[in-house]
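Shown next: upload-v6.cif, given as mmCIF, C-alpha atoms.
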```cif
data_input
#
loop_
_atom_site.group_PDB
_atom_site.id
_atom_site.type_symbol
_atom_site.label_atom_id
_atom_site.label_comp_id
_atom_site.auth_asym_id
_atom_site.auth_seq_id
_atom_site.Cartn_x
_atom_site.Cartn_y
_atom_site.Cartn_z
ATOM 1 C CA MET A 1 95.025 137.532 23.626
ATOM 2 C CA PRO A 2 95.676 140.335 21.169
ATOM 3 C CA LEU A 3 92.960 141.790 18.977
ATOM 4 C CA ASN A 4 93.088 140.158 15.537
ATOM 5 C CA THR A 5 89.553 140.560 14.165
ATOM 6 C CA CYS A 6 87.330 143.569 13.649
ATOM 7 C CA VAL A 7 83.646 142.798 13.023
ATOM 8 C CA PHE A 8 81.298 145.479 11.736
ATOM 9 C CA ASP A 9 77.556 145.763 11.729
ATOM 10 C CA ALA A 10 76.474 146.514 8.164
ATOM 11 C CA TYR A 11 73.482 148.828 8.193
ATOM 12 C CA GLY A 12 74.128 152.162 9.843
ATOM 13 C CA THR A 13 77.787 151.320 10.468
ATOM 14 C CA LEU A 14 79.347 150.511 7.095
ATOM 15 C CA PHE A 15 76.390 151.330 4.863
ATOM 16 C CA ASP A 16 74.369 154.526 5.013
ATOM 17 C CA VAL A 17 70.764 153.429 5.620
ATOM 18 C CA ASN A 18 69.564 156.861 4.494
ATOM 19 C CA ALA A 19 71.252 156.597 1.095
ATOM 20 C CA ALA A 20 68.308 154.912 -0.660
ATOM 21 C CA ALA A 21 65.778 157.550 0.377
ATOM 22 C CA ARG A 22 68.224 160.420 -0.207
ATOM 23 C CA THR A 23 68.984 159.186 -3.717
ATOM 24 C CA ALA A 24 65.314 158.690 -4.600
ATOM 25 C CA ALA A 25 64.421 162.125 -3.214
ATOM 26 C CA ASN A 26 66.849 163.757 -5.628
ATOM 27 C CA GLU A 27 65.504 162.008 -8.710
ATOM 28 C CA PRO A 28 63.162 163.767 -11.154
ATOM 29 C CA ASN A 29 59.444 163.968 -10.335
ATOM 30 C CA ARG A 30 59.892 163.237 -6.626
ATOM 31 C CA GLU A 31 58.943 166.681 -5.267
ATOM 32 C CA VAL A 32 56.577 165.325 -2.598
ATOM 33 C CA PHE A 33 59.054 162.687 -1.458
ATOM 34 C CA LYS A 34 61.876 165.243 -1.408
ATOM 35 C CA GLU A 35 60.037 167.080 1.371
ATOM 36 C CA VAL A 36 59.528 164.027 3.597
ATOM 37 C CA TRP A 37 62.352 161.616 2.786
ATOM 38 C CA PRO A 38 64.239 162.085 6.112
ATOM 39 C CA GLY A 39 61.110 161.132 8.060
ATOM 40 C CA VAL A 40 60.390 158.160 5.808
ATOM 41 C CA SER A 41 63.972 156.967 6.096
ATOM 42 C CA ASN A 42 64.033 157.311 9.889
ATOM 43 C CA ILE A 43 60.768 155.394 10.333
ATOM 44 C CA TRP A 44 61.895 152.767 7.823
ATOM 45 C CA ARG A 45 65.058 152.097 9.828
ATOM 46 C CA MET A 46 63.360 152.210 13.232
ATOM 47 C CA LYS A 47 60.730 149.710 12.099
ATOM 48 C CA GLN A 48 63.419 147.394 10.751
ATOM 49 C CA LEU A 49 64.985 147.298 14.203
ATOM 50 C CA GLN A 50 61.678 146.985 16.047
ATOM 51 C CA TYR A 51 60.454 144.192 13.779
ATOM 52 C CA THR A 52 63.679 142.221 14.283
ATOM 53 C CA TRP A 53 63.391 142.588 18.063
ATOM 54 C CA LEU A 54 59.765 141.429 18.006
ATOM 55 C CA ARG A 55 60.595 138.497 15.759
ATOM 56 C CA SER A 56 63.415 137.436 18.078
ATOM 57 C CA MET A 57 61.308 137.746 21.215
ATOM 58 C CA THR A 58 58.449 135.769 19.691
ATOM 59 C CA GLU A 59 60.746 133.281 17.950
ATOM 60 C CA THR A 60 59.044 133.908 14.603
ATOM 61 C CA TYR A 61 61.982 134.434 12.286
ATOM 62 C CA THR A 62 61.570 135.752 8.776
ATOM 63 C CA ASP A 63 64.305 137.000 6.500
ATOM 64 C CA PHE A 64 65.548 140.582 6.724
ATOM 65 C CA TRP A 65 64.424 141.397 3.194
ATOM 66 C CA SER A 66 60.799 140.739 4.215
ATOM 67 C CA ILE A 67 61.301 142.917 7.283
ATOM 68 C CA THR A 68 62.813 145.652 5.112
ATOM 69 C CA GLN A 69 59.772 145.596 2.835
ATOM 70 C CA ASP A 70 57.293 145.589 5.722
ATOM 71 C CA SER A 71 59.164 148.447 7.380
ATOM 72 C CA LEU A 72 59.077 150.505 4.212
ATOM 73 C CA ASP A 73 55.337 149.854 3.862
ATOM 74 C CA PHE A 74 54.829 151.240 7.362
ATOM 75 C CA ALA A 75 57.016 154.293 6.686
ATOM 76 C CA LEU A 76 55.293 155.095 3.395
ATOM 77 C CA GLU A 77 51.842 154.673 4.920
ATOM 78 C CA THR A 78 52.799 156.970 7.792
ATOM 79 C CA HIS A 79 53.583 159.661 5.211
ATOM 80 C CA LYS A 80 50.518 158.888 3.051
ATOM 81 C CA LEU A 81 52.690 157.573 0.207
ATOM 82 C CA GLN A 82 51.538 153.947 0.263
ATOM 83 C CA ASN A 83 49.930 154.251 -3.182
ATOM 84 C CA ASP A 84 53.150 155.357 -4.882
ATOM 85 C CA LEU A 85 54.219 151.885 -5.998
ATOM 86 C CA ALA A 86 56.945 153.230 -8.292
ATOM 87 C CA LEU A 87 58.531 154.996 -5.323
ATOM 88 C CA LYS A 88 58.342 151.849 -3.213
ATOM 89 C CA GLU A 89 59.961 149.748 -5.950
ATOM 90 C CA ARG A 90 62.688 152.346 -6.444
ATOM 91 C CA LEU A 91 63.492 152.548 -2.720
ATOM 92 C CA LEU A 92 63.687 148.773 -2.436
ATOM 93 C CA ALA A 93 65.960 148.558 -5.480
ATOM 94 C CA LEU A 94 68.241 151.234 -4.040
ATOM 95 C CA TYR A 95 68.457 149.368 -0.726
ATOM 96 C CA TRP A 96 70.414 146.626 -2.509
ATOM 97 C CA GLU A 97 73.055 149.210 -3.413
ATOM 98 C CA LEU A 98 73.425 151.217 -0.210
ATOM 99 C CA GLN A 99 76.502 153.382 -0.290
ATOM 100 C CA PRO A 100 79.136 153.095 2.414
ATOM 101 C CA TYR A 101 80.028 156.047 4.584
ATOM 102 C CA SER A 102 82.950 158.015 3.158
ATOM 103 C CA GLU A 103 85.558 156.728 5.625
ATOM 104 C CA VAL A 104 84.695 153.028 5.344
ATOM 105 C CA SER A 105 87.084 152.010 2.540
ATOM 106 C CA ARG A 106 90.006 153.829 4.112
ATOM 107 C CA VAL A 107 89.410 152.297 7.569
ATOM 108 C CA LEU A 108 89.007 148.766 6.220
ATOM 109 C CA GLU A 109 92.121 149.091 4.057
ATOM 110 C CA GLU A 110 94.124 150.291 7.072
ATOM 111 C CA LEU A 111 92.925 147.352 9.176
ATOM 112 C CA LYS A 112 93.879 144.898 6.428
ATOM 113 C CA LYS A 113 97.333 146.510 6.100
ATOM 114 C CA ASN A 114 97.812 145.918 9.820
ATOM 115 C CA GLY A 115 96.910 142.236 9.591
ATOM 116 C CA ILE A 116 93.471 142.542 11.173
ATOM 117 C CA LYS A 117 90.755 140.226 9.826
ATOM 118 C CA THR A 118 87.578 142.070 8.872
ATOM 119 C CA ALA A 119 84.039 140.783 8.836
ATOM 120 C CA ILE A 120 80.437 141.865 8.681
ATOM 121 C CA LEU A 121 77.946 140.469 11.187
ATOM 122 C CA SER A 122 74.462 141.559 10.260
ATOM 123 C CA ASN A 123 70.740 140.942 10.417
ATOM 124 C CA GLY A 124 70.803 141.302 6.640
ATOM 125 C CA SER A 125 70.329 138.303 4.402
ATOM 126 C CA PRO A 126 73.436 136.952 2.653
ATOM 127 C CA GLU A 127 72.098 138.222 -0.691
ATOM 128 C CA MET A 128 71.459 141.728 0.638
ATOM 129 C CA LEU A 129 74.884 141.915 2.234
ATOM 130 C CA SER A 130 76.667 140.605 -0.847
ATOM 131 C CA GLY A 131 74.822 143.167 -2.966
ATOM 132 C CA ALA A 132 75.894 146.033 -0.705
ATOM 133 C CA VAL A 133 79.510 144.839 -0.524
ATOM 134 C CA LYS A 134 79.648 144.322 -4.296
ATOM 135 C CA SER A 135 78.114 147.696 -5.171
ATOM 136 C CA SER A 136 80.535 149.373 -2.740
ATOM 137 C CA ASN A 137 83.609 147.568 -4.079
ATOM 138 C CA LEU A 138 84.510 146.327 -0.596
ATOM 139 C CA TYR A 139 85.142 142.652 -1.418
ATOM 140 C CA GLU A 140 88.907 143.179 -1.268
ATOM 141 C CA VAL A 141 88.767 144.451 2.327
ATOM 142 C CA ILE A 142 86.057 142.241 3.866
ATOM 143 C CA ASP A 143 87.203 138.732 4.781
ATOM 144 C CA GLU A 144 83.876 137.325 5.890
ATOM 145 C CA ILE A 145 80.179 138.145 5.619
ATOM 146 C CA ILE A 146 78.158 136.579 8.426
ATOM 147 C CA SER A 147 74.372 136.729 8.411
ATOM 148 C CA VAL A 148 71.813 135.812 11.047
ATOM 149 C CA GLU A 149 70.256 133.526 8.415
ATOM 150 C CA THR A 150 72.457 130.720 9.719
ATOM 151 C CA VAL A 151 70.905 130.778 13.195
ATOM 152 C CA LYS A 152 67.485 132.209 12.245
ATOM 153 C CA ILE A 153 67.338 134.761 15.054
ATOM 154 C CA PHE A 154 68.231 138.453 15.051
ATOM 155 C CA LYS A 155 70.664 140.453 17.105
ATOM 156 C CA PRO A 156 71.085 140.918 20.001
ATOM 157 C CA SER A 157 70.758 137.162 20.530
ATOM 158 C CA ALA A 158 73.998 135.644 21.825
ATOM 159 C CA GLN A 159 73.604 132.937 19.160
ATOM 160 C CA VAL A 160 74.281 135.572 16.510
ATOM 161 C CA TYR A 161 77.531 136.762 18.081
ATOM 162 C CA LYS A 162 78.712 133.193 18.677
ATOM 163 C CA GLN A 163 78.830 132.800 14.890
ATOM 164 C CA VAL A 164 81.901 135.034 14.776
ATOM 165 C CA GLU A 165 83.878 132.562 16.878
ATOM 166 C CA ASN A 166 82.530 129.571 14.936
ATOM 167 C CA ILE A 167 82.989 130.929 11.415
ATOM 168 C CA ILE A 168 86.195 132.936 11.814
ATOM 169 C CA GLY A 169 87.735 130.557 14.313
ATOM 170 C CA CYS A 170 88.760 133.051 16.952
ATOM 171 C CA TYR A 171 88.075 133.772 20.606
ATOM 172 C CA LYS A 172 85.726 136.586 21.558
ATOM 173 C CA SER A 173 88.593 138.263 23.430
ATOM 174 C CA GLU A 174 90.331 138.693 20.050
ATOM 175 C CA VAL A 175 87.373 140.507 18.457
ATOM 176 C CA LEU A 176 86.377 144.150 18.335
ATOM 177 C CA PHE A 177 82.742 144.607 17.345
ATOM 178 C CA VAL A 178 81.868 147.958 15.773
ATOM 179 C CA SER A 179 78.268 149.136 15.511
ATOM 180 C CA SER A 180 76.945 152.573 14.526
#
```

Would you mind writing the structure in this file as structure tokens?
Amino acid sequence: MPLNTCVFDAYGTLFDVNAAARTAANEPNREVFKEVWPGVSNIWRMKQLQYTWLRSMTETYTDFWSITQDSLDFALETHKLQNDLALKERLLALYWELQPYSEVSRVLEELKKNGIKTAILSNGSPEMLSGAVKSSNLYEVIDEIISVETVKIFKPSAQVYKQVENIIGCYKSEVLFVSS
């Protein structure tokens, strides 16, 4: 069967997970954060992944927004910034508006022109994903947003990937999955 669907992971593939920390680091009165933001951002992302893996293995699902907050708490504490509540609030607000990588719009538009269905399959909650797609003006080039919320388990569970077939109505042999 020919390829007719291209499914993208959201965070780290379409959306730059470092964008929130980078943006905050360049705002006024963030001199301390400006020095450490790459480390905070890297730990924040790594903990998001680790927490989702642990939650899947222990079958103790919680939404990705809670995991994102817990991961940021860990990253800020690691860098002795846990008492900067304004910074934490700002980083969390910016996470709802993560910017896409520069080539994303062009690639998605090209796929659509060639008759390929496009979708997001992500650990993110539907609200988080909709916020990122909306703030990036990608609604025109994304056909479907699929979240793990439906099955209440994180990737790499096979249940998550099965959603693509169920929701889009295609065979897995027709799908290209793109991550990072």

Between A:Asp16, A:Glu89, A:Glu31, A:Glu165, which one has atoms that come closest to Ser180 in chain A, using all atoms listed in the file? A:Asp16

If we count all atoms listed in the file and set the cut-off at 12 Å, which residues sit around Gln50 in chain A, ignoring sequence neighbours fewer than 2 positions away in its own chain? Please answer as a list of chain:residue names. A:Ile43, A:Trp44, A:Arg45, A:Met46, A:Lys47, A:Gln48, A:Thr52, A:Trp53, A:Leu54, A:Arg55, A:Ser56, A:Met57, A:Phe64, A:Ile67, A:Thr68, A:Asp70, A:Ser71, A:Phe74, A:Phe154, A:Lys155, A:Pro156

What would the selection look like, as a PyMOL selection string, if the PyMOL selection byres ((chain A and resi 90) around 12) were run on the coordinates I just shared? chain A and resi 20-25+27+30+69+72+84-89+91-97

Which residues match the PyMOL selection byres ((chain A and resi 2) around 8) in the file above, as an mmCIF file with C-alpha atoms, in the frame of the given file?
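Once written, result25.cif looks like this:
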```
data_model
loop_
_atom_site.group_PDB
_atom_site.id
_atom_site.type_symbol
_atom_site.label_atom_id
_atom_site.label_comp_id
_atom_site.auth_asym_id
_atom_site.auth_seq_id
_atom_site.Cartn_x
_atom_site.Cartn_y
_atom_site.Cartn_z
ATOM 1 C CA MET A 1 95.025 137.532 23.626
ATOM 2 C CA LEU A 3 92.960 141.790 18.977
ATOM 3 C CA ASN A 4 93.088 140.158 15.537
ATOM 4 C CA SER A 173 88.593 138.263 23.430
ATOM 5 C CA GLU A 174 90.331 138.693 20.050
#
```

Do you know which residues the PyMOL selection byres ((chain A and resi 36-38) around 8) returns on this file, as a PyMOL selection string? chain A and resi 18+21-22+25+32-35+39-42+79

Would you export the selected residues with C-alpha atoms as a short mmCIF file (atom, residue, chain, number, x, y, z; two decimals), in the coordinates of the input, please?
```cif
data_model
loop_
_atom_site.label_atom_id
_atom_site.label_comp_id
_atom_site.auth_asym_id
_atom_site.auth_seq_id
_atom_site.Cartn_x
_atom_site.Cartn_y
_atom_site.Cartn_z
CA ASN A 18 69.56 156.86 4.49
CA ALA A 21 65.78 157.55 0.38
CA ARG A 22 68.22 160.42 -0.21
CA ALA A 25 64.42 162.12 -3.21
CA VAL A 32 56.58 165.32 -2.60
CA PHE A 33 59.05 162.69 -1.46
CA LYS A 34 61.88 165.24 -1.41
CA GLU A 35 60.04 167.08 1.37
CA GLY A 39 61.11 161.13 8.06
CA VAL A 40 60.39 158.16 5.81
CA SER A 41 63.97 156.97 6.10
CA ASN A 42 64.03 157.31 9.89
CA HIS A 79 53.58 159.66 5.21
#
```

List every protein, DNA or RNA residue that has an atom no more than 6 Å from (69.7, 138.1, 9.4) in the file's coordinate frame, counting only C-alpha atoms, and report them as JSON, numbers by chain. {"A": [64, 122, 123, 124, 125, 147, 148, 149, 154]}

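For the choices A:Val160, A:Leu108, A:Ile146, A:Val178, the atom-to-atom distance to Pro126 in chain A is smallest for A:Ile146 when using only C-alpha atoms.
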